[in-house]
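Take a look at the structure below.
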Amino acid sequence: IGEAELKNQIKNNDFSNVYMIYGDEGYLKEFYVKKLKEKLVESAFADFNYHHYDGKKTPLSEILTDADMMPMMSSNTFLLVRDYPFDKSKEDVELLKEYLKDVNEAAVIVFWFDNLEIDTKKNAKLKALEAAVSKYGTAVELNRKTESELVRLVSSKVKKSGCTIDSANAQYLISVVGNDLKTILNETEKICNSLDGGEITRKTID
């Protein structure tokens with residue numbers, strides 16, 4: 001699925017037991033990982049029910065053992081696994097498949113591919129991983145937005161900040177700062193703060 005479907009899941013509290021979050025837009029991946037954590041982890045009991053793993057250092061067998069544990073004073077446990085190298089091990093993909101057939105309904109596992117590039121067309125192990133996660137949970141691909149999507153995003157951000165910008169100047173801003181979403185949002189916020197209301201022109205951007 002894409003961003004819109006994931007956003008609806010979070011909004012409606014309709015969560016899967018396993019997520020695979022990947023793609024080339026780092027800001028969006030991190031944003032939605034945080035959103036899932038905010039929704040699923042009760043801060044008062046986070047020490048008991050939130051587990052964070054470096055995929056390069058923790059074997060999958062250990063992670064899945066933790067996933068079978070029941071939560072303490074909460075409805076679920078939340079396991080965040082960052083950059084697990086499934087592309088290196090067919091056995092790990094098979095191990096996850098077996099776990100998902102009899103998943104602990106009280107556990108939510110998020111496999112967040114932050115720095116590890118995922119190409120399901122070129123790697124059979126990753127394709128099998130995506131298929132397994134899609135069957136039993138949710139695989140989410142978050143890629144860079146198109147220019148028209150970025151223009152709408154800039155316009156919305158500017159409006160919320162009490163300023164205005166036309167489409168041509170929104171396009172110009174994007175051409176100046178590049179298409180990295182985090183950079184665009186940061187620079188837009190800086191401009192709006194410096195103006196304290198009013199119209200953002202080409203001169204303002206320069």
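By order of appearance in the structure tokens: chains A, B, ..., then residues from 1 within every chain, and ligands from 1 in the order shown.
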
Checklist entry - Looking only at the backbone, which of the residues in range 58-158 of chain A does DSSP tag as alpha helix (DSSP H), as a VMD selection string? => result chain A and resid 60 to 67 90 to 101 124 to 136 147 to 158

Checklist entry - Taking the backbone alone, and naming residues the way the document does, which bits of range 5-52 of chain A are strand (DSSP E) by DSSP, as an MDAnalysis selection string? => result chainID A and resid 18:22 50:52

Item to check | Nearby residues (only C-alpha atoms) at most 10 Å from Arg202 in chain A, same-chain spacing under 2 positions excluded, as a ChimeraX atom specification | outcome: /A:165,168-170,172-173,199-200,204-206

Item to check | Neighbour list for Ile184 in chain A as a list in words, cut-off 9 Å, only C-alpha atoms, skip fewer than 6 positions in-chain | outcome: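 Here the qualifying residues turn out to be Leu150, Val154, Leu173, Ile174, Val177 and Gly178 of chain A.
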
Selection to disk with N, CA, C and O atoms, as a tab-separated table (two decimals), in the first residue's frame:
```tsv
chain	number	residue	atom	x	y	z
A	150	LEU	N	4.52	17.87	-4.36
A	150	LEU	CA	5.33	18.75	-3.52
A	150	LEU	C	4.80	20.17	-3.54
A	150	LEU	O	4.80	20.86	-2.50
A	154	VAL	N	3.74	22.20	-0.24
A	154	VAL	CA	4.28	23.53	0.11
A	154	VAL	C	3.15	24.52	0.32
A	154	VAL	O	3.13	25.27	1.30
A	173	LEU	N	10.64	27.42	-5.42
A	173	LEU	CA	11.23	27.04	-4.13
A	173	LEU	C	11.77	25.61	-4.19
A	173	LEU	O	12.89	25.34	-3.74
A	174	ILE	N	10.98	24.70	-4.76
A	174	ILE	CA	11.40	23.30	-4.88
A	174	ILE	C	12.63	23.18	-5.77
A	174	ILE	O	13.56	22.41	-5.48
A	177	VAL	N	15.72	24.27	-3.56
A	177	VAL	CA	16.16	23.45	-2.41
A	177	VAL	C	16.24	21.96	-2.73
A	177	VAL	O	16.80	21.20	-1.96
A	178	GLY	N	15.67	21.53	-3.88
A	178	GLY	CA	15.70	20.11	-4.23
A	178	GLY	C	14.44	19.40	-3.78
A	178	GLY	O	13.56	19.99	-3.16
```

Would you give me, as a tab-separated table, each residue of range 121-199 of chain A having an atom within 10 Å of an atom of range 101-115 of chain A, along with its shortest atom pair and that distance in Å to one decimal, using only C-alpha atoms and sorting by chain and residue number?
```
residue	atom	partner	partner_atom	distance
A:Ala132	CA	A:Lys101	CA	9.6
A:Val133	CA	A:Phe111	CA	9.8
A:Lys135	CA	A:Lys101	CA	9.8
A:Tyr136	CA	A:Lys101	CA	7.7
A:Gly137	CA	A:Val108	CA	9.7
A:Thr138	CA	A:Val110	CA	9.5
A:Ala139	CA	A:Phe111	CA	9.4
A:Val140	CA	A:Trp112	CA	9.9
```

Checklist entry - So which residues touch Asn193 in chain A within 12 Å, counting only C-alpha atoms, skipping near sequence neighbours fewer than 2 positions away, as a ChimeraX atom specification? => result /A:157-158,160-163,186-191,195-198,200,204

Checklist entry - Any idea what the distance is between CA of Val176 in chain A and CA of Glu3 in chain A? => result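 Computing the Euclidean distance for CA of Val176 in chain A and CA of Glu3 in chain A yields 25.6 Å.
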
Next on the checklist: With only C-alpha atoms as the counted atoms, please give the residues lying no more than 12 Å from range 61-69 of chain A, apart from itself and same-chain residues fewer than 2 positions off, as a ChimeraX atom specification.
Outcome noted: /A:17-18,48-55,57-59,71-72,76-82,84,91-100,102-111

Create the file for the chosen residues now, containing C-alpha atoms and written as a PDB file, in the first residue's frame.
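Written out: selection-v2.pdb:
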```
ATOM      1  CA  ASN A  17       0.486  -7.278  13.427  1.00  0.00           C
ATOM      2  CA  VAL A  18       3.413  -6.786  11.060  1.00  0.00           C
ATOM      3  CA  PHE A  48       7.905  -2.951  29.278  1.00  0.00           C
ATOM      4  CA  ASN A  49       6.174  -2.935  25.886  1.00  0.00           C
ATOM      5  CA  TYR A  50       8.429  -1.053  23.454  1.00  0.00           C
ATOM      6  CA  HIS A  51      11.426  -2.863  21.972  1.00  0.00           C
ATOM      7  CA  HIS A  52      13.859  -1.351  19.458  1.00  0.00           C
ATOM      8  CA  TYR A  53      16.368  -3.480  17.542  1.00  0.00           C
ATOM      9  CA  ASP A  54      19.309  -2.808  15.268  1.00  0.00           C
ATOM     10  CA  GLY A  55      18.725  -5.414  12.580  1.00  0.00           C
ATOM     11  CA  LYS A  57      23.098  -6.797  15.560  1.00  0.00           C
ATOM     12  CA  THR A  58      20.077  -8.809  16.686  1.00  0.00           C
ATOM     13  CA  PRO A  59      19.149 -12.211  15.216  1.00  0.00           C
ATOM     14  CA  PRO A  71       2.324  -7.098  27.041  1.00  0.00           C
ATOM     15  CA  MET A  72       2.353  -5.748  30.577  1.00  0.00           C
ATOM     16  CA  ASN A  76      -0.008  -4.719  22.870  1.00  0.00           C
ATOM     17  CA  THR A  77       3.763  -4.780  22.574  1.00  0.00           C
ATOM     18  CA  PHE A  78       5.535  -2.778  19.865  1.00  0.00           C
ATOM     19  CA  LEU A  79       8.720  -4.101  18.266  1.00  0.00           C
ATOM     20  CA  LEU A  80      10.646  -1.771  15.942  1.00  0.00           C
ATOM     21  CA  VAL A  81      13.316  -3.486  13.836  1.00  0.00           C
ATOM     22  CA  ARG A  82      15.612  -1.189  11.882  1.00  0.00           C
ATOM     23  CA  TYR A  84      17.148  -6.100   9.177  1.00  0.00           C
ATOM     24  CA  GLU A  91      16.298 -18.823   6.270  1.00  0.00           C
ATOM     25  CA  ASP A  92      15.269 -15.612   8.042  1.00  0.00           C
ATOM     26  CA  VAL A  93      12.499 -15.003   5.503  1.00  0.00           C
ATOM     27  CA  GLU A  94      11.220 -18.551   6.073  1.00  0.00           C
ATOM     28  CA  LEU A  95      11.457 -18.095   9.851  1.00  0.00           C
ATOM     29  CA  LEU A  96       9.314 -14.947   9.665  1.00  0.00           C
ATOM     30  CA  LYS A  97       6.784 -16.724   7.437  1.00  0.00           C
ATOM     31  CA  GLU A  98       6.385 -19.462  10.041  1.00  0.00           C
ATOM     32  CA  TYR A  99       5.910 -16.908  12.819  1.00  0.00           C
ATOM     33  CA  LEU A 100       3.276 -15.009  10.816  1.00  0.00           C
ATOM     34  CA  ASP A 102       0.571 -18.181  14.115  1.00  0.00           C
ATOM     35  CA  VAL A 103       1.243 -14.574  15.083  1.00  0.00           C
ATOM     36  CA  ASN A 104       0.886 -13.221  18.599  1.00  0.00           C
ATOM     37  CA  GLU A 105      -2.167 -10.980  18.201  1.00  0.00           C
ATOM     38  CA  ALA A 106      -0.913  -8.716  21.011  1.00  0.00           C
ATOM     39  CA  ALA A 107       2.340  -7.877  19.174  1.00  0.00           C
ATOM     40  CA  VAL A 108       2.978  -5.351  16.408  1.00  0.00           C
ATOM     41  CA  ILE A 109       6.325  -5.726  14.609  1.00  0.00           C
ATOM     42  CA  VAL A 110       7.539  -2.924  12.336  1.00  0.00           C
ATOM     43  CA  PHE A 111      10.407  -3.700   9.985  1.00  0.00           C
TER      44      PHE A 111
END
```

Checklist entry - So which residues touch Glu25 in chain A within 12 Å, counting only C-alpha atoms, skipping near sequence neighbours fewer than 2 positions away, as a PyMOL selection string? => result chain A and resi 2-3+21-23+27-32+113-115+117+140-146+179-183

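Residue nearest Glu38 in chain A, chosen from A:Ala4, A:Val151, A:Ile10, A:Leu126 and counting only C-alpha atoms: A:Ile10.
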
Checklist entry - By how many Å are CA of Lys39 in chain A and CA of Asn12 in chain A apart? => result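 One can read the CA of Lys39 in chain A to CA of Asn12 in chain A distance as 10.6 Å.
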
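Using only C-alpha atoms, the smallest distance between any of A:Gly26, A:Glu5, A:Asp14, A:Ser194 and Leu40 in chain A comes from A:Asp14.
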
Item to check | Minimum-distance residue to Ser155 in chain A, chosen among A:Cys192, A:Ala131, A:Leu6, A:Ile118 (using only C-alpha atoms) | outcome: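 When distances to Ser155 in chain A are compared using only C-alpha atoms, the smallest one comes from A:Cys192.
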